[in-house]
Amino acid sequence: MNKIITLLLLCPVLVLGQEKYQIQGRINDIPDGSKIYLATVVDGKYQNTDSALVKGGKFQLNGKVEHPQSALLVLNRQDAPSANNRDSYTFYLENSKMKLEANGSIKNASLTGSASDAAMRQLERELRPLTNNIIAIQNRYTKDDPLEIRQRAGDTVRQTVAQIKQLRWDFAEQHLNDYIGLETYYLHVLDSKFDPVVAEPLYHRFSKSLKESALGQQAYAKIEAAKRRQTGVAATDFTQTKLEGGTFKLSDLKGKYVLVDFWASWCGPCRAENPHLVQAYATLKDKNFEIVGVSLDQNKEAWAHAVETDKLPWIHVSDLKGWKSDLVSLYDIQSVPQNFLVNPQGVIVAKNLRGEQLTELISSHLK
């Protein structure tokens with residue numbers, strides 16, 4: 001009995017101790033000399049990290065990954081023209097023993113042995129009807145349909161998006177000890193509009209090792225950055241270079257209402273929003289109000305041209321680092337346009353004010 005208990009206690013250790021992956025593949029109706037490549041994400045792009053020749057319909061790949069991750073198997077057939085001899089299979093790679101079975105092509109292969117892959121495929125099966133529903137609605141209705149119909153369609157889309165978000169939240173909550181749970185949390189719970197007050201408690205429920213991982217630390221930094229643009233908190237000061245040269249500090253405008261607006265010359269929605277900003281500035285500039293446009297451009301000429309073309313007469317700053325801008329990480333800016341309104345005491349009182357009612361929205365916060 002004691003031996004059985006000892007073995008049961010050791011089982012988790014043995015599973016965690018699997019430090020390498022092994023993929024044993026069998027592909028029917030494939031000529032010898034065909035080659036299989038394994039590609040993993042390196043610096044944001046798939047790159048070949050391993051390969052093997054197919055012999056007798058079999059191949060084997062061995063290696064190690066730091067954590068479960070999306071990977072790609074690419075098959076080059078020996079008997080097909082170079083333009084048509086590649087097919088691929090996407091899966092979740094982890095340090096375990098996996099088996100892949102396929103007939104002629106790996107596009108519809110069957111993979112076993114990766115718990116991460118099985119869990120992610122189950123999540124995808126649950127999400128697919130919802131995403132298909134959104135696509136169907138978007139294809140069905142156009143701007144020429146009656147407003148009431150479009151509003152109902154919009155309500156349905158929003159409800160479906162909420163269902164998708166809940167499924168992903170539940171998935172993360174059910175995988176608090178798994179890397180895929182943390183990855184789902186980071187990518188989909190901590191989205192461009194997440195509320196750190198709501199999201200942070202779930203973060204602290206992940207295992208200690210996951211929170212200490214590189215991704216866990218990135219998630220924590222993202223939460224802390226999001227807190228810095230929450231209403232009711234003091235806006236973190238920053239220094240940037242002005243379009244005309246010289247430095248600008250947000251604290252230089254303390255005592256005024258300041259709309260900090262993140263945008264870029266290449267951003268269509270930002271440019272479409274600029275007329276509303278111009279109108280708001282013309283109406284409120286003499287009421288202790290200022291706008292600071294923070295550009296995520298990398299090209300100064302394009303930035304300056306957009307400012308001139310759109311006739312934007314307020315303060316413009318940028319470090320010309322694009323998405324690598326210091327302010328992107330400081331305030332966790334994941335999309336543009338985004339903005340927040342700072343009161344004379346330096347406290348954020350509103351965020352993401354936009355649209356035809358922009359002037360009224362800003363005015364409601366001015367005292």
# chains A, B, ... in the order shown; residues from 1 in each chain; ligands from 1
>>> residues_around(residues="A:Leu361", least_positions_apart="5", cutoff="12 Å", atoms="only C-alpha atoms", output="CSV table (one decimal) with C-alpha atoms, in the first residue's frame")
chain,number,residue,atom,x,y,z
A,259,LEU,CA,-6.6,65.3,-23.3
A,276,HIS,CA,-14.1,65.8,-33.8
A,277,LEU,CA,-10.9,66.7,-31.9
A,280,ALA,CA,-13.5,70.2,-29.4
A,284,LEU,CA,-12.7,74.5,-25.4
A,340,PHE,CA,-7.5,60.0,-21.4
A,341,LEU,CA,-8.5,63.3,-19.8
A,349,VAL,CA,-11.0,61.7,-14.9
A,350,ALA,CA,-12.1,60.0,-18.1
A,351,LYS,CA,-10.7,57.9,-21.0
A,352,ASN,CA,-11.5,56.9,-24.6
A,353,LEU,CA,-13.7,60.0,-25.3
A,354,ARG,CA,-14.5,60.1,-29.0
A,355,GLY,CA,-17.2,60.5,-31.6
A,356,GLU,CA,-19.5,63.3,-32.7
A,366,LEU,CA,-14.7,70.6,-17.1
>>> closest_atom_pairs(of="stretch 283-344 of chain A", to="stretch 245-251 of chain A", cutoff="12 Å", atoms="only C-alpha atoms", output="tab-separated table")
residue	atom	partner	partner_atom	distance
A:Glu290	CA	A:Leu250	CA	11.0
A:Ile291	CA	A:Leu250	CA	10.7
A:Val292	CA	A:Leu250	CA	8.5
A:Gly293	CA	A:Leu250	CA	11.3
A:Val294	CA	A:Phe248	CA	11.1
A:Lys300	CA	A:Gly245	CA	11.3
A:Ala304	CA	A:Gly245	CA	11.9
A:Ile315	CA	A:Phe248	CA	9.0
A:His316	CA	A:Phe248	CA	9.2
A:Val317	CA	A:Phe248	CA	7.4
A:Ser318	CA	A:Phe248	CA	9.8
A:Asp319	CA	A:Thr247	CA	10.4
A:Leu327	CA	A:Leu250	CA	11.9
A:Leu341	CA	A:Leu250	CA	11.9
A:Val342	CA	A:Leu250	CA	9.8
A:Asn343	CA	A:Ser251	CA	11.4
A:Pro344	CA	A:Ser251	CA	10.0
>>> closest_residue(among="A:Asp117, A:Asp43, A:Glu94, A:Glu101", to="A:Lys58", atoms="only C-alpha atoms")
A:Glu101
>>> closest_residue(among="A:Arg26, A:Lys254, A:Lys367, A:Arg205", to="A:Ala109", atoms="only C-alpha atoms")
A:Arg26
>>> residues_around(residues="A:Gln47", least_positions_apart="5", cutoff="10 Å", atoms="only C-alpha atoms", output="PyMOL selection string")
chain A and resi 37-42+71-72
>>> closest_atom_pairs(of="stretch 141-215 of chain A", to="stretch 126-135 of chain A", cutoff="12 Å", atoms="only C-alpha atoms", output="Markdown table")
| residue | atom | partner | partner_atom | distance |
| --- | --- | --- | --- | --- |
| A:Tyr141 | CA | A:Ile135 | CA | 10.4 |
| A:Ala153 | CA | A:Ile134 | CA | 9.3 |
| A:Gly154 | CA | A:Ile134 | CA | 9.6 |
| A:Asp155 | CA | A:Ile134 | CA | 11.0 |
| A:Thr156 | CA | A:Ile134 | CA | 8.3 |
| A:Val157 | CA | A:Ile134 | CA | 5.8 |
| A:Arg158 | CA | A:Ile134 | CA | 9.1 |
| A:Gln159 | CA | A:Ile134 | CA | 10.0 |
| A:Thr160 | CA | A:Leu130 | CA | 6.3 |
| A:Val161 | CA | A:Leu130 | CA | 7.9 |
| A:Ala162 | CA | A:Leu130 | CA | 10.1 |
| A:Gln163 | CA | A:Leu130 | CA | 7.9 |
| A:Ile164 | CA | A:Leu127 | CA | 6.5 |
| A:Lys165 | CA | A:Leu127 | CA | 9.7 |
| A:Gln166 | CA | A:Leu127 | CA | 10.5 |
| A:Leu167 | CA | A:Leu127 | CA | 7.6 |
| A:Arg168 | CA | A:Leu127 | CA | 8.8 |
| A:Asp170 | CA | A:Glu126 | CA | 11.8 |
| A:Phe171 | CA | A:Glu126 | CA | 10.7 |
>>> write_last_selection(atoms="N, CA and C atoms", output="tab-separated table (two decimals), in the first residue's frame")
chain	number	residue	atom	x	y	z
A	141	TYR	N	-25.35	42.11	-43.16
A	141	TYR	CA	-25.86	43.48	-43.08
A	141	TYR	C	-24.84	44.49	-43.60
A	153	ALA	N	-28.44	44.01	-34.98
A	153	ALA	CA	-27.30	43.18	-35.37
A	153	ALA	C	-26.08	43.51	-34.50
A	154	GLY	N	-25.89	44.80	-34.26
A	154	GLY	CA	-24.77	45.23	-33.41
A	154	GLY	C	-24.91	44.70	-32.00
A	155	ASP	N	-26.13	44.70	-31.48
A	155	ASP	CA	-26.37	44.17	-30.13
A	155	ASP	C	-26.03	42.68	-30.08
A	156	THR	N	-26.40	41.96	-31.14
A	156	THR	CA	-26.12	40.52	-31.19
A	156	THR	C	-24.61	40.27	-31.23
A	157	VAL	N	-23.91	41.06	-32.03
A	157	VAL	CA	-22.45	40.91	-32.11
A	157	VAL	C	-21.82	41.17	-30.74
A	158	ARG	N	-22.25	42.23	-30.06
A	158	ARG	CA	-21.68	42.54	-28.74
A	158	ARG	C	-21.95	41.42	-27.73
A	159	GLN	N	-23.14	40.85	-27.79
A	159	GLN	CA	-23.47	39.75	-26.89
A	159	GLN	C	-22.61	38.53	-27.20
A	160	THR	N	-22.37	38.28	-28.48
A	160	THR	CA	-21.55	37.13	-28.87
A	160	THR	C	-20.09	37.35	-28.47
A	161	VAL	N	-19.60	38.56	-28.64
A	161	VAL	CA	-18.23	38.88	-28.21
A	161	VAL	C	-18.09	38.66	-26.71
A	162	ALA	N	-19.11	39.05	-25.95
A	162	ALA	CA	-19.10	38.84	-24.50
A	162	ALA	C	-19.03	37.34	-24.17
A	163	GLN	N	-19.75	36.52	-24.94
A	163	GLN	CA	-19.71	35.07	-24.73
A	163	GLN	C	-18.31	34.52	-25.01
A	164	ILE	N	-17.68	35.03	-26.07
A	164	ILE	CA	-16.32	34.60	-26.41
A	164	ILE	C	-15.35	34.96	-25.30
A	165	LYS	N	-15.47	36.17	-24.78
A	165	LYS	CA	-14.60	36.61	-23.70
A	165	LYS	C	-14.80	35.75	-22.46
A	166	GLN	N	-16.06	35.39	-22.17
A	166	GLN	CA	-16.33	34.57	-20.99
A	166	GLN	C	-15.74	33.17	-21.15
A	167	LEU	N	-15.83	32.60	-22.35
A	167	LEU	CA	-15.25	31.28	-22.59
A	167	LEU	C	-13.74	31.30	-22.37
A	168	ARG	N	-13.10	32.34	-22.84
A	168	ARG	CA	-11.65	32.44	-22.67
A	168	ARG	C	-11.27	32.68	-21.20
A	170	ASP	N	-13.05	31.58	-18.65
A	170	ASP	CA	-13.27	30.29	-18.01
A	170	ASP	C	-12.11	29.34	-18.30
A	171	PHE	N	-11.61	29.37	-19.54
A	171	PHE	CA	-10.51	28.49	-19.92
A	171	PHE	C	-9.27	28.82	-19.09
